[in-house]
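One file, data14.tsv, is given below (TSV, C-alpha atoms).
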chain	number	residue	atom	x	y	z
U	1	MET	CA	-0.51	-15.54	13.42
U	2	GLU	CA	-2.83	-12.75	12.24
U	3	LYS	CA	-6.42	-13.65	11.48
U	4	LEU	CA	-7.14	-14.35	7.82
U	5	THR	CA	-7.02	-10.99	6.03
U	6	MET	CA	-7.89	-11.14	2.35
U	7	ARG	CA	-5.20	-9.65	0.16
U	8	ARG	CA	-6.41	-10.80	-3.26
U	9	ALA	CA	-5.97	-7.45	-5.00
U	10	MET	CA	-3.42	-5.00	-3.60
U	11	MET	CA	-3.59	-1.82	-5.64
U	12	PHE	CA	-0.68	0.58	-6.01
U	13	MET	CA	-1.52	4.29	-5.98
U	14	PRO	CA	1.11	6.93	-6.82
U	15	GLY	CA	1.77	8.75	-3.54
U	16	ASN	CA	2.11	12.23	-5.04
U	17	ASN	CA	-1.27	12.26	-6.79
U	18	PRO	CA	-4.06	13.79	-4.64
U	19	ALA	CA	-6.89	12.75	-6.98
U	20	MET	CA	-5.81	9.11	-6.92
U	21	LEU	CA	-5.21	9.11	-3.15
U	22	GLN	CA	-8.64	10.53	-2.38
U	23	ASN	CA	-10.42	8.06	-4.69
U	24	ALA	CA	-8.29	5.03	-3.75
U	25	GLY	CA	-10.98	3.47	-1.58
U	26	ILE	CA	-13.79	3.30	-4.13
U	27	TYR	CA	-12.56	0.50	-6.40
U	28	GLY	CA	-12.98	-2.44	-4.03
U	29	ALA	CA	-9.31	-3.36	-3.61
U	30	ASP	CA	-8.53	-5.47	-0.54
U	31	THR	CA	-5.51	-3.26	0.12
U	32	VAL	CA	-4.47	0.11	-1.29
U	33	ILE	CA	-0.72	0.71	-1.35
U	34	PHE	CA	0.30	4.35	-1.33
U	35	ASP	CA	3.57	4.33	-3.18
U	36	MET	CA	6.46	6.62	-2.35
U	37	GLU	CA	9.03	4.59	-4.29
U	38	ASP	CA	9.03	3.98	-8.05
U	39	SER	CA	6.04	6.14	-8.98
U	40	VAL	CA	7.45	9.25	-7.29
U	41	ALA	CA	10.24	11.37	-8.81
U	42	ILE	CA	13.25	11.92	-6.57
U	43	SER	CA	12.55	15.66	-6.44
U	44	GLU	CA	9.01	14.96	-5.13
U	45	LYS	CA	9.75	12.41	-2.39
U	46	ASP	CA	9.25	15.05	0.34
U	47	SER	CA	5.97	16.13	-1.20
U	48	ALA	CA	4.60	12.59	-1.56
U	49	ARG	CA	5.24	11.59	2.04
U	50	ARG	CA	3.40	14.68	3.37
U	51	LEU	CA	0.46	13.96	1.06
U	52	VAL	CA	0.34	10.27	2.00
U	53	HIS	CA	0.53	11.15	5.70
U	54	ASN	CA	-2.43	13.53	5.44
U	55	ALA	CA	-4.50	11.18	3.27
U	56	ILE	CA	-4.16	8.31	5.75
U	57	LYS	CA	-4.78	10.53	8.74
U	58	ARG	CA	-7.74	12.50	7.42
U	59	LEU	CA	-9.54	10.36	4.82
U	60	LYS	CA	-11.50	7.18	5.55
U	61	TYR	CA	-10.70	4.05	3.54
U	62	PRO	CA	-12.93	0.94	3.59
U	63	CYS	CA	-9.94	-1.37	3.16
U	64	GLU	CA	-6.44	-2.06	4.42
U	65	VAL	CA	-4.09	0.89	3.84
U	66	ALA	CA	-0.44	0.13	3.09
U	67	ILE	CA	2.53	2.33	2.26
U	68	ARG	CA	5.41	1.34	0.03
U	69	ILE	CA	8.47	3.09	1.38
U	70	ASN	CA	11.76	3.61	-0.42
U	71	HIS	CA	14.45	1.11	0.40
U	72	ILE	CA	15.92	1.62	3.81
U	73	GLN	CA	19.43	1.91	2.37
U	74	THR	CA	18.43	4.97	0.30
U	75	PRO	CA	18.29	8.45	1.86
U	76	TYR	CA	14.48	8.43	1.47
U	77	GLY	CA	13.35	5.27	3.26
U	78	LEU	CA	13.96	6.52	6.80
U	79	ASP	CA	12.24	9.86	6.10
U	80	ASP	CA	9.23	8.04	4.62
U	81	LEU	CA	8.82	6.13	7.88
U	82	LYS	CA	9.44	9.17	10.06
U	83	VAL	CA	6.78	11.26	8.32
U	84	VAL	CA	4.10	8.66	7.56
U	85	LEU	CA	4.13	6.27	10.55
U	86	PRO	CA	2.44	8.81	12.90
U	87	ALA	CA	-0.61	8.62	10.57
U	88	ARG	CA	-0.81	4.90	11.41
U	89	PRO	CA	-0.85	2.93	8.14
U	90	ASP	CA	-2.03	-0.69	8.54
U	91	LEU	CA	0.89	-2.15	6.65
U	92	VAL	CA	4.39	-1.17	5.51
U	93	ARG	CA	5.70	-2.71	2.30
U	94	LEU	CA	9.47	-2.76	1.97
U	95	PRO	CA	10.83	-3.04	-1.58
U	96	LYS	CA	13.92	-5.03	-2.63
U	97	ALA	CA	14.24	-6.91	0.65
U	98	GLU	CA	17.36	-9.06	0.66
U	99	THR	CA	18.19	-9.87	4.25
U	100	ALA	CA	16.55	-10.35	7.62
U	101	LYS	CA	18.47	-7.28	8.75
U	102	ASP	CA	16.47	-5.07	6.29
U	103	ILE	CA	13.27	-6.21	7.99
U	104	GLN	CA	14.64	-5.83	11.52
U	105	ILE	CA	15.73	-2.23	10.92
U	106	VAL	CA	12.23	-1.27	9.76
U	107	ASP	CA	10.65	-3.31	12.55
U	108	GLU	CA	12.57	-1.36	15.19
U	109	ILE	CA	11.62	2.00	13.68
U	110	ILE	CA	7.95	0.95	13.64
U	111	SER	CA	8.19	-0.18	17.29
U	112	GLU	CA	9.55	3.22	18.30
U	113	ALA	CA	6.79	5.02	16.36
U	114	GLU	CA	4.10	2.84	17.93
U	115	GLU	CA	5.38	3.65	21.40
U	116	LYS	CA	5.78	7.36	20.71
U	117	ASN	CA	2.30	7.72	19.20
U	118	GLY	CA	0.47	5.46	21.63
U	119	PHE	CA	-0.42	2.80	19.05
U	120	VAL	CA	-0.92	-0.82	20.10
U	121	PRO	CA	2.53	-2.50	19.96
U	122	GLY	CA	2.78	-4.78	16.94
U	123	SER	CA	-0.38	-3.41	15.32
U	124	ILE	CA	1.39	-2.04	12.21
U	125	LYS	CA	2.14	-5.00	9.95
U	126	MET	CA	4.92	-5.48	7.41
U	127	MET	CA	5.39	-7.18	4.09
U	128	ALA	CA	8.45	-7.40	1.89
U	129	ALA	CA	8.95	-7.58	-1.84
U	130	ILE	CA	11.59	-9.99	-3.07
U	131	GLU	CA	13.04	-8.57	-6.26
U	132	THR	CA	16.48	-10.18	-6.58
U	133	ALA	CA	17.97	-13.67	-6.65
U	134	LYS	CA	19.81	-12.87	-3.42
U	135	GLY	CA	16.55	-11.84	-1.77
U	136	LEU	CA	14.92	-15.07	-2.89
U	137	MET	CA	17.78	-17.13	-1.45
U	138	ASN	CA	17.07	-15.42	1.89
U	139	ALA	CA	13.27	-15.34	1.52
U	140	TYR	CA	12.47	-17.56	4.52
U	141	GLU	CA	14.77	-15.52	6.79
U	142	VAL	CA	13.16	-12.34	5.50
U	143	ALA	CA	9.68	-13.79	6.07
U	144	THR	CA	10.46	-14.79	9.65
U	145	ALA	CA	12.58	-11.76	10.64
U	146	SER	CA	9.72	-10.05	12.47
U	147	PRO	CA	6.34	-11.08	13.91
U	148	ARG	CA	4.93	-8.10	11.98
U	149	MET	CA	5.53	-9.90	8.67
U	150	VAL	CA	2.24	-10.94	7.01
U	151	ALA	CA	3.27	-11.43	3.39
U	152	LEU	CA	6.05	-11.84	0.87
U	153	ALA	CA	5.57	-10.38	-2.59
U	154	ILE	CA	7.55	-10.98	-5.73
U	155	GLY	CA	8.60	-7.91	-7.71
U	156	GLY	CA	8.52	-9.29	-11.23
U	157	GLU	CA	10.15	-6.60	-13.34
U	158	ASP	CA	13.20	-6.15	-11.12
U	159	PHE	CA	13.48	-9.91	-10.68
U	160	ILE	CA	13.50	-10.50	-14.42
U	161	ALA	CA	16.21	-7.84	-14.82
U	162	ASP	CA	18.25	-9.50	-12.08
U	163	LEU	CA	17.84	-12.90	-13.77
U	164	LYS	CA	19.03	-11.36	-17.05
U	165	THR	CA	16.02	-12.64	-18.96
U	166	SER	CA	12.83	-11.04	-20.30
U	167	ARG	CA	9.05	-11.29	-19.94
U	168	THR	CA	7.22	-13.94	-21.94
U	169	SER	CA	3.51	-14.62	-22.37
U	170	HIS	CA	3.86	-18.10	-20.81
U	171	GLY	CA	5.70	-16.84	-17.73
U	172	ASN	CA	8.28	-19.66	-17.59
U	173	GLU	CA	11.01	-17.19	-16.64
U	174	LEU	CA	9.31	-16.60	-13.27
U	175	PHE	CA	8.03	-20.12	-12.63
U	176	VAL	CA	10.85	-21.14	-10.29
U	177	PRO	CA	11.11	-17.81	-8.39
U	178	ARG	CA	7.35	-17.76	-7.89
U	179	GLY	CA	7.35	-21.36	-6.67
U	180	GLN	CA	10.21	-20.69	-4.25
U	181	LEU	CA	8.52	-17.55	-2.96
U	182	VAL	CA	5.31	-19.46	-2.21
U	183	LEU	CA	7.31	-22.15	-0.41
U	184	ALA	CA	9.16	-19.58	1.72
U	185	ALA	CA	5.94	-17.75	2.59
U	186	ARG	CA	4.09	-20.95	3.45
U	187	ALA	CA	7.00	-22.26	5.54
U	188	ALA	CA	6.85	-18.98	7.48
U	189	GLY	CA	3.05	-19.15	7.77
U	190	ILE	CA	2.44	-15.90	5.87
U	191	GLN	CA	0.82	-14.88	2.58
U	192	ALA	CA	2.35	-14.87	-0.91
U	193	ILE	CA	1.49	-12.01	-3.26
U	194	ASP	CA	2.29	-12.01	-6.97
U	195	SER	CA	3.83	-9.25	-9.04
U	196	VAL	CA	2.00	-6.59	-11.05
U	197	TYR	CA	0.97	-7.21	-14.66
U	198	THR	CA	1.88	-4.01	-16.44
U	199	ASP	CA	0.30	-4.56	-19.88
U	200	ILE	CA	-2.95	-2.93	-18.77
U	201	ASN	CA	-4.80	-3.40	-22.05
U	202	ASN	CA	-4.05	-7.13	-22.30
U	203	GLU	CA	-6.95	-8.46	-20.25
U	204	GLN	CA	-6.62	-12.03	-21.51
U	205	GLY	CA	-2.94	-12.14	-20.58
U	206	PHE	CA	-3.76	-10.77	-17.14
U	207	ILE	CA	-6.47	-13.39	-16.58
U	208	GLU	CA	-4.19	-16.25	-17.67
U	209	GLU	CA	-1.39	-15.07	-15.37
U	210	THR	CA	-3.76	-14.66	-12.43
U	211	ILE	CA	-5.18	-18.18	-12.89
U	212	ARG	CA	-1.63	-19.53	-13.07
U	213	ILE	CA	-0.46	-17.83	-9.87
U	214	LYS	CA	-3.62	-18.87	-8.00
U	215	GLU	CA	-2.89	-22.48	-8.96
U	216	MET	CA	0.67	-22.05	-7.69
U	217	GLY	CA	-0.64	-21.11	-4.26
U	218	PHE	CA	-0.48	-17.32	-4.22
U	219	ASP	CA	-3.00	-15.48	-2.03
U	220	GLY	CA	-3.31	-12.47	-4.31
U	221	LYS	CA	-1.71	-10.12	-6.75
U	222	SER	CA	-0.43	-6.55	-6.83
U	223	VAL	CA	-2.35	-4.50	-9.37
U	224	VAL	CA	-1.74	-1.14	-11.01
U	225	ASN	CA	-5.14	-0.42	-12.52
U	226	PRO	CA	-8.60	-0.47	-10.90
U	227	LYS	CA	-10.06	-2.62	-13.68
U	228	GLN	CA	-7.71	-5.46	-12.68
U	229	ILE	CA	-9.22	-5.66	-9.17
U	230	ARG	CA	-12.51	-7.27	-10.16
U	231	LEU	CA	-10.71	-9.76	-12.43
U	232	VAL	CA	-8.43	-10.93	-9.62
U	233	GLN	CA	-11.30	-11.21	-7.17
U	234	GLU	CA	-13.41	-13.21	-9.62
U	235	ILE	CA	-10.56	-15.63	-10.25
U	236	PHE	CA	-9.93	-16.04	-6.52
U	237	ALA	CA	-13.64	-16.48	-5.75
U	238	PRO	CA	-14.59	-20.09	-4.91
U	239	THR	CA	-17.23	-21.76	-7.10
U	240	GLU	CA	-20.72	-22.62	-5.77
U	241	LYS	CA	-19.69	-26.29	-5.75
U	242	GLU	CA	-16.55	-25.57	-3.73
U	243	ILE	CA	-18.54	-23.49	-1.25
U	244	ALA	CA	-21.24	-26.16	-0.83
U	245	HIS	CA	-18.60	-28.82	-0.26
U	246	ALA	CA	-16.71	-26.65	2.22
U	247	GLU	CA	-19.91	-26.01	4.18
U	248	ARG	CA	-20.60	-29.75	4.39
U	249	VAL	CA	-17.02	-30.41	5.54
U	250	ILE	CA	-17.25	-27.81	8.30
U	251	ALA	CA	-20.68	-29.06	9.40
U	252	ALA	CA	-19.46	-32.67	9.55
U	253	TYR	CA	-16.31	-31.57	11.42
U	254	GLN	CA	-18.33	-29.62	14.01
U	255	ASP	CA	-20.74	-32.52	14.39
U	256	ALA	CA	-17.82	-34.91	14.98
U	257	LEU	CA	-16.32	-32.53	17.54
U	258	ALA	CA	-19.66	-32.36	19.38
U	259	ARG	CA	-19.87	-36.16	19.48
U	260	ASN	CA	-16.18	-36.57	20.39
U	261	SER	CA	-15.85	-38.70	17.31
U	262	GLY	CA	-12.39	-39.01	15.80
U	263	VAL	CA	-13.18	-40.01	12.26
U	264	ILE	CA	-15.33	-38.09	9.80
U	265	ALA	CA	-16.38	-39.09	6.32
U	266	ILE	CA	-18.41	-37.37	3.62
U	267	ASP	CA	-19.66	-39.47	0.70
U	268	GLY	CA	-17.35	-42.24	1.81
U	269	LYS	CA	-14.24	-40.01	1.76
U	270	MET	CA	-12.31	-39.45	4.96
U	271	ILE	CA	-12.07	-35.83	6.09
U	272	ASP	CA	-8.90	-34.93	7.97
U	273	THR	CA	-7.34	-31.71	9.24
U	274	PRO	CA	-5.90	-30.37	5.96
U	275	ILE	CA	-9.28	-30.77	4.30
U	276	VAL	CA	-10.97	-28.87	7.14
U	277	THR	CA	-8.33	-26.13	6.90
U	278	ARG	CA	-8.89	-25.85	3.16
U	279	ALA	CA	-12.65	-25.69	3.67
U	280	GLU	CA	-12.22	-22.85	6.15
U	281	ARG	CA	-10.12	-20.99	3.59
U	282	VAL	CA	-12.73	-21.50	0.87
U	283	LEU	CA	-15.46	-20.12	3.16
U	284	ALA	CA	-13.32	-17.13	4.12
U	285	TYR	CA	-12.82	-16.29	0.44
U	286	ALA	CA	-16.55	-16.81	-0.20
U	287	ALA	CA	-17.37	-14.43	2.67
U	288	ALA	CA	-15.00	-11.83	1.20
U	289	VAL	CA	-16.80	-12.05	-2.14
U	290	ARG	CA	-20.18	-11.44	-0.47
U	291	LYS	CA	-18.91	-8.32	1.33
E	1	MET	CA	11.07	32.37	12.99
E	2	LYS	CA	8.90	35.03	11.34
E	3	SER	CA	9.70	34.73	7.66
E	4	ILE	CA	11.23	32.44	5.06
E	5	LYS	CA	14.58	32.86	3.33
E	6	GLN	CA	13.83	31.77	-0.23
E	7	VAL	CA	11.06	31.26	-2.78
E	8	ALA	CA	9.69	27.70	-2.76
E	9	GLN	CA	6.97	25.80	-4.54
E	10	ALA	CA	4.97	22.61	-3.97
E	11	GLY	CA	2.04	20.87	-5.65
E	12	THR	CA	0.87	20.65	-9.24
E	13	LEU	CA	-1.86	22.03	-11.49
E	14	GLU	CA	-3.56	18.65	-11.82
E	15	SER	CA	-7.18	18.15	-10.80
E	16	SER	CA	-7.69	17.90	-6.99
E	17	ASP	CA	-4.27	19.44	-6.35
E	18	ILE	CA	-3.07	22.94	-5.48
E	19	MET	CA	0.16	24.66	-6.47
E	20	ILE	CA	1.60	26.78	-3.71
E	21	THR	CA	4.38	29.34	-4.14
E	22	LEU	CA	5.85	31.00	-1.06
E	23	SER	CA	7.99	34.14	-1.23
E	24	PRO	CA	9.81	36.05	1.51
E	25	ALA	CA	8.14	39.25	2.76
E	26	ASP	CA	9.40	42.27	4.71
E	27	ALA	CA	9.28	42.13	8.49
E	28	GLY	CA	5.90	43.26	9.79
E	29	SER	CA	4.14	42.93	6.44
E	30	GLY	CA	2.10	39.91	7.58
E	31	ILE	CA	0.64	37.03	5.58
E	32	GLU	CA	-0.50	37.98	2.09
E	33	ILE	CA	-2.47	35.35	0.15
E	34	GLU	CA	-3.28	35.50	-3.55
E	35	LEU	CA	-5.68	32.68	-4.42
E	36	ILE	CA	-6.91	31.41	-7.78
E	37	SER	CA	-9.62	28.76	-7.51
E	38	PRO	CA	-12.67	27.50	-9.44
E	39	VAL	CA	-14.47	27.44	-6.08
E	40	LEU	CA	-13.27	30.84	-4.90
E	41	LYS	CA	-16.74	32.11	-4.04
E	42	GLN	CA	-17.84	29.02	-2.09
E	43	PHE	CA	-14.57	27.96	-0.43
E	44	GLY	CA	-12.08	30.83	-0.85
E	45	ASP	CA	-12.16	31.82	2.82
E	46	GLU	CA	-11.82	28.20	3.92
E	47	ILE	CA	-8.81	27.58	1.66
E	48	LYS	CA	-7.13	30.75	2.91
E	49	ALA	CA	-7.82	29.71	6.50
E	50	VAL	CA	-6.01	26.38	5.95
E	51	ILE	CA	-3.06	28.22	4.35
E	52	ARG	CA	-2.92	30.75	7.19
E	53	GLN	CA	-3.25	28.08	9.89
E	54	THR	CA	-0.38	26.02	8.45
E	55	LEU	CA	1.89	29.10	8.36
E	56	LEU	CA	1.04	29.95	11.96
E	57	GLU	CA	1.82	26.38	13.07
E	58	TRP	CA	5.30	26.98	11.69
E	59	ASN	CA	5.48	30.43	13.40
E	60	LEU	CA	5.65	32.20	10.05
E	61	GLU	CA	4.13	35.67	10.15
E	62	ASP	CA	5.60	37.50	7.14
E	63	VAL	CA	5.11	35.49	3.94
E	64	LYS	CA	3.64	36.03	0.48
E	65	VAL	CA	1.55	33.08	-0.73
E	66	HIS	CA	0.43	32.46	-4.28
E	67	ALA	CA	-1.99	29.52	-4.49
E	68	ASN	CA	-3.45	28.07	-7.68
E	69	ASP	CA	-6.16	25.67	-6.57
E	70	LYS	CA	-7.63	22.92	-8.73
E	71	GLY	CA	-10.21	21.67	-6.25
E	72	ALA	CA	-7.90	20.35	-3.51
E	73	LEU	CA	-9.23	18.93	-0.23
E	74	ASP	CA	-8.09	20.54	3.04
E	75	CYS	CA	-5.70	17.65	3.72
E	76	THR	CA	-4.05	18.23	0.32
E	77	ILE	CA	-3.76	22.00	0.85
E	78	GLU	CA	-2.14	21.43	4.23
E	79	ALA	CA	0.26	18.80	2.81
E	80	ARG	CA	1.33	21.06	-0.06
E	81	MET	CA	1.73	24.03	2.32
E	82	THR	CA	3.89	21.94	4.66
E	83	THR	CA	6.14	20.81	1.80
E	84	ALA	CA	6.44	24.37	0.46
E	85	ILE	CA	7.42	25.61	3.93
E	86	GLU	CA	9.95	22.81	4.42
E	87	ARG	CA	11.49	23.70	1.06
E	88	ALA	CA	11.47	27.43	1.84
E	89	ILE	CA	13.33	27.09	5.14
E	90	ARG	CA	15.75	24.42	3.95
Represent the supplied structure as structure tokens.
Amino acid sequence: MEKLTMRRAMMFMPGNNPAMLQNAGIYGADTVIFDMEDSVAISEKDSARRLVHNAIKRLKYPCEVAIRINHIQTPYGLDDLKVVLPARPDLVRLPKAETAKDIQIVDEIISEAEEKNGFVPGSIKMMAAIETAKGLMNAYEVATASPRMVALAIGGEDFIADLKTSRTSHGNELFVPRGQLVLAARAAGIQAIDSVYTDINNEQGFIEETIRIKEMGFDGKSVVNPKQIRLVQEIFAPTEKEIAHAERVIAAYQDALARNSGVIAIDGKMIDTPIVTRAERVLAYAAAVRK
Amino acid sequence: MKSIKQVAQAGTLESSDIMITLSPADAGSGIEIELISPVLKQFGDEIKAVIRQTLLEWNLEDVKVHANDKGALDCTIEARMTTAIERAIR
């Protein structure tokens, strides 16, 4: 499994906009996603992929750089990969994933590009967005279809359309799909990323949704506006109390290991493996906040 | 391949972008570049060099280029040139 990479805020950037591509790295997102799908007009697909290729190859970004390609069943998806992969993005996000086969097709194309360009085999990662009921039914197979897979995301707007319902402020319409997506991602040992919140001026609604999805077990959220990045990262940041407790757990665990002692307790409470794992996660998030 | 067959355009007039228009030229007429840019004095030669270099990489020797620059980086100029060329030879 890949080492813990923070993907709290993954920010979409329209792939045919040079100003946004060149400034993408300054907002503090954990990942920038250069989009060649929904934010690019059909007549400009060719233009966007050239621009994204050059931006990745020539500009320096202080964060993970992902590309969102068009679906592999459209005429554009294959060309996106052909043009942009030689620039070596860190991550490829596939939209509307429905079957393991979708993932395997992209995986093979990436393998060929890695070999042809002399990249380390397996170094380009993949994630998939689940945007339909059918995709959700196959989510675990999608998540485990390639060792490149590091995350599943839920695409809220398309999902709601597929469910034949509409957005509400309380989010009940997505409660079950979100829960199932987290389960599939966790069963596969990869991350779960929530959908974008498109009402950019509704900060309170955004905060409430982000708190809700963090409680459900998501690792992060896709965002469409730079001002949402800090909000997500604040909500995902552990509290001082959680950090202090995690540090004590890790110290006690290391002490027990050194003494070959099997049982650890802090304040009379037994500490076992899941608690240690959780403490490690808290400290990783705390370290990401300090960066 | 020395020239292009049809007029083609790529890019926009938004900030940090450049709009490139390529037109066919007579054999032997060479590369002719007409550039509009707010940084013409400081970077005009550099922008033209990127345009010229991209054309030469595609073995294009007889082309008219009209470029309306809005402060594009070299990587943007090259990307827009490449798209314009791909559209012109399509």
Contacts between chain U and chain E, please, where a residue of chain E counts if it comes within 7 Å (with only C-alpha atoms); show its shortest atom pair and distance in Å to one decimal, rows by chain and ascending number, as a tab-separated table.
residue	atom	partner	partner_atom	distance
E:Ser15	CA	U:Ala19	CA	6.6
E:Ser16	CA	U:Ala19	CA	5.2
E:Asp17	CA	U:Pro18	CA	5.9
E:Cys75	CA	U:Asn54	CA	5.5
E:Thr76	CA	U:Leu51	CA	6.3
E:Ala79	CA	U:Leu51	CA	5.2
E:Arg80	CA	U:Ser47	CA	6.9
E:Thr83	CA	U:Ser47	CA	5.6
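Minimum atom-to-atom distance to Ile20 (chain E), evaluated using all atoms listed in the file, belongs to E:Lys48 out of E:Arg90, E:Trp58, E:Lys2, E:Lys48.
Between CA of Thr82 (chain E) and CA of Asp107 (chain U) there is a distance of 27.3 Å.
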**Near-Gln228 (chain U) list (12 Å; all atoms listed in the file; drop same-chain fewer than 3 positions) as JSON, numbers by chain** = {"U": [8, 9, 10, 11, 12, 27, 28, 29, 196, 197, 198, 199, 200, 201, 202, 203, 204, 205, 206, 207, 209, 210, 220, 221, 222, 223, 224, 225, 231, 232, 233, 234, 235]}
**Prompt:** Near region 252-256 of chain U, counting all atoms listed in the file, which residues have an atom at most 10 Å away, once you skip same-chain residues fewer than 3 positions from it, shown as a PyMOL selection string?
**Reply:** chain U and resi 246-249+259-266+271-273+276
**Prompt:** Contacts of Pro24 (chain E) at 9 Å or less, counting only C-alpha atoms, minus same-chain residues fewer than 5 places along, as number ranges by chain?
**Reply:** E: 3-7, 62-64, 88
